[in-house]
Amino acid sequence: MSVDEDARPYFIMGEHTLDVPMKLHEENRKRVCQELYKNPNLQHSVIVLQGGESTTLYCSDREPVFRQESYFHWAFGVLEPDCYGAIEVHNNRSHLFVPKLPECYAVWMGRLHSLEYFKKRYGVDEVHYIPDMKDVLSAVKPEVLLTLHGKNSDSGKDTREAVFEGIGEYDLISSI
């Protein structure tokens, strides 16, 4: 992934690989919003997706190689674990929610990135910390939250529905 101050963000997996503009993910979000907007009951809804979570190997502190949850990557292109995303259906406004890590994590993780860094890196409209998710969504005033829930027909595994503090205060529609 590259973030050049003068260029649009793009996804790249290394030297000699294709540079894919992050605009692709913006277009994915726009297409899904256009389809949902056709339903008058969903025009003022917000799609909420939860990305993949970081895990450790057995009882150690060793982390296996992380691969992002497919639906989340399709919508946001985010590579880091433990993030959430929200998309306002009526205007396609995108919100990325990232973990708020203590400064001491920089000792073993290296430099901790700012919200502005994530905004530029992924080409989203807004970036917030996860603890602020409830307040951000309250300010948007969605009539309903749309989450994914169901069985993946390829893997046979259930999709993981987004869960966050305060989700119980909203009307939910869960589907795949």
# chains A, B, ... in the order shown; residues from 1 in each chain; ligands from 1

call {"tool": "residues_around", "arguments": {"residues": "region 11-23 of chain A", "least_positions_apart": "4", "cutoff": "10 Å", "atoms": "only C-alpha atoms", "output": "ChimeraX atom specification"}}
result
/A:1-3,27-29,76-79,120-124

call {"tool": "select_by_dssp", "arguments": {"residues": "region 5-163 of chain A", "states": "strand (DSSP E or B)", "output": "ChimeraX atom specification"}}
result
/A:10-11,20-21,45-50,84-88,94-98,126-129,144-148,151,158

call {"tool": "write_last_selection", "arguments": {"atoms": "N, CA, C and O atoms", "output": "tab-separated table (two decimals), in the first residue's frame"}}
result
chain	number	residue	atom	x	y	z
A	10	TYR	N	-3.26	3.85	-3.55
A	10	TYR	CA	-3.44	2.63	-4.32
A	10	TYR	C	-2.98	1.43	-3.52
A	10	TYR	O	-2.22	1.55	-2.59
A	11	PHE	N	-3.49	0.28	-3.92
A	11	PHE	CA	-3.17	-0.99	-3.28
A	11	PHE	C	-2.08	-1.67	-4.10
A	11	PHE	O	-2.19	-1.76	-5.32
A	20	VAL	N	-3.30	-1.09	-7.85
A	20	VAL	CA	-4.75	-0.98	-7.99
A	20	VAL	C	-5.21	0.26	-7.22
A	20	VAL	O	-5.03	0.33	-6.01
A	21	PRO	N	-5.79	1.23	-7.92
A	21	PRO	CA	-6.25	2.45	-7.22
A	21	PRO	C	-7.30	2.12	-6.16
A	21	PRO	O	-8.18	1.29	-6.38
A	45	SER	N	-30.30	4.37	5.69
A	45	SER	CA	-29.65	3.34	6.49
A	45	SER	C	-28.14	3.49	6.39
A	45	SER	O	-27.62	4.25	5.56
A	46	VAL	N	-27.45	2.75	7.23
A	46	VAL	CA	-25.98	2.74	7.23
A	46	VAL	C	-25.54	1.28	7.24
A	46	VAL	O	-26.00	0.49	8.06
A	47	ILE	N	-24.66	0.95	6.31
A	47	ILE	CA	-24.06	-0.38	6.26
A	47	ILE	C	-22.93	-0.39	7.28
A	47	ILE	O	-22.09	0.53	7.28
A	48	VAL	N	-22.87	-1.40	8.12
A	48	VAL	CA	-21.78	-1.53	9.10
A	48	VAL	C	-21.11	-2.88	8.90
A	48	VAL	O	-21.77	-3.93	8.95
A	49	LEU	N	-19.82	-2.85	8.64
A	49	LEU	CA	-19.04	-4.07	8.46
A	49	LEU	C	-17.92	-4.13	9.48
A	49	LEU	O	-17.32	-3.10	9.82
A	50	GLN	N	-17.63	-5.32	9.95
A	50	GLN	CA	-16.52	-5.54	10.86
A	50	GLN	C	-15.44	-6.30	10.12
A	50	GLN	O	-15.70	-7.33	9.51
A	84	TYR	N	-13.42	-1.42	11.69
A	84	TYR	CA	-14.82	-1.43	11.28
A	84	TYR	C	-14.97	-0.41	10.16
A	84	TYR	O	-14.18	0.52	10.04
A	85	GLY	N	-16.05	-0.57	9.40
A	85	GLY	CA	-16.37	0.41	8.38
A	85	GLY	C	-17.86	0.66	8.36
A	85	GLY	O	-18.66	-0.24	8.68
A	86	ALA	N	-18.25	1.87	7.99
A	86	ALA	CA	-19.66	2.22	7.86
A	86	ALA	C	-19.84	3.03	6.58
A	86	ALA	O	-18.97	3.83	6.22
A	87	ILE	N	-20.96	2.80	5.91
A	87	ILE	CA	-21.25	3.51	4.66
A	87	ILE	C	-22.68	4.03	4.75
A	87	ILE	O	-23.63	3.26	4.96
A	88	GLU	N	-22.84	5.34	4.60
A	88	GLU	CA	-24.16	5.95	4.60
A	88	GLU	C	-24.77	5.73	3.21
A	88	GLU	O	-24.21	6.18	2.21
A	94	SER	N	-18.25	7.36	3.51
A	94	SER	CA	-17.59	6.21	4.14
A	94	SER	C	-16.87	6.63	5.42
A	94	SER	O	-16.25	7.69	5.50
A	95	HIS	N	-16.98	5.75	6.42
A	95	HIS	CA	-16.33	5.95	7.71
A	95	HIS	C	-15.50	4.71	8.01
A	95	HIS	O	-16.00	3.60	7.95
A	96	LEU	N	-14.25	4.92	8.34
A	96	LEU	CA	-13.38	3.83	8.78
A	96	LEU	C	-13.11	4.03	10.25
A	96	LEU	O	-12.81	5.16	10.69
A	97	PHE	N	-13.22	2.96	11.02
A	97	PHE	CA	-12.96	3.00	12.46
A	97	PHE	C	-11.77	2.11	12.75
A	97	PHE	O	-11.78	0.92	12.42
A	98	VAL	N	-10.73	2.70	13.35
A	98	VAL	CA	-9.49	1.97	13.62
A	98	VAL	C	-9.25	1.89	15.13
A	98	VAL	O	-9.74	2.72	15.89
A	126	GLU	N	-14.04	9.69	6.13
A	126	GLU	CA	-13.74	10.00	7.53
A	126	GLU	C	-13.09	8.80	8.20
A	126	GLU	O	-13.40	7.65	7.86
A	127	VAL	N	-12.23	9.08	9.16
A	127	VAL	CA	-11.62	8.02	9.98
A	127	VAL	C	-11.77	8.42	11.44
A	127	VAL	O	-11.55	9.57	11.81
A	128	HIS	N	-12.16	7.45	12.25
A	128	HIS	CA	-12.37	7.67	13.67
A	128	HIS	C	-11.78	6.49	14.43
A	128	HIS	O	-11.52	5.44	13.86
A	129	TYR	N	-11.63	6.67	15.73
A	129	TYR	CA	-11.23	5.55	16.58
A	129	TYR	C	-12.46	4.74	16.95
A	129	TYR	O	-13.57	5.28	17.08
A	144	VAL	N	-31.83	2.66	10.21
A	144	VAL	CA	-31.55	1.25	10.43
A	144	VAL	C	-30.08	1.00	10.10
A	144	VAL	O	-29.50	1.70	9.26
A	145	LEU	N	-29.47	0.02	10.76
A	145	LEU	CA	-28.13	-0.42	10.42
A	145	LEU	C	-28.25	-1.72	9.64
A	145	LEU	O	-29.02	-2.61	10.00
A	146	LEU	N	-27.45	-1.82	8.58
A	146	LEU	CA	-27.43	-3.02	7.75
A	146	LEU	C	-26.14	-3.78	8.05
A	146	LEU	O	-25.05	-3.22	7.93
A	147	THR	N	-26.27	-5.03	8.44
A	147	THR	CA	-25.10	-5.86	8.74
A	147	THR	C	-25.18	-7.16	7.94
A	147	THR	O	-26.26	-7.52	7.46
A	148	LEU	N	-24.07	-7.83	7.81
A	148	LEU	CA	-24.03	-9.11	7.11
A	148	LEU	C	-24.23	-10.25	8.11
A	148	LEU	O	-23.64	-10.25	9.19
A	151	LYS	N	-24.71	-17.73	5.74
A	151	LYS	CA	-23.72	-18.76	5.45
A	151	LYS	C	-23.09	-18.47	4.09
A	151	LYS	O	-23.78	-18.23	3.11
A	158	ASP	N	-20.25	-19.39	8.50
A	158	ASP	CA	-21.11	-18.24	8.75
A	158	ASP	C	-20.30	-16.96	8.67
A	158	ASP	O	-19.17	-16.89	9.15

call {"tool": "select_by_dssp", "arguments": {"residues": "region 77-123 of chain A", "states": "alpha helix (DSSP H)", "output": "ChimeraX atom specification"}}
result
/A:106-109,115-122

call {"tool": "atom_distance", "arguments": {"atom1": "CA of His113 (chain A)", "atom2": "CA of Leu137 (chain A)"}}
result
23.0 Å

call {"tool": "atom_distance", "arguments": {"atom1": "CA of Gln43 (chain A)", "atom2": "CA of Glu69 (chain A)"}}
result
25.9 Å

call {"tool": "atom_distance", "arguments": {"atom1": "CA of Pro40 (chain A)", "atom2": "CA of Thr159 (chain A)"}}
result
26.1 Å
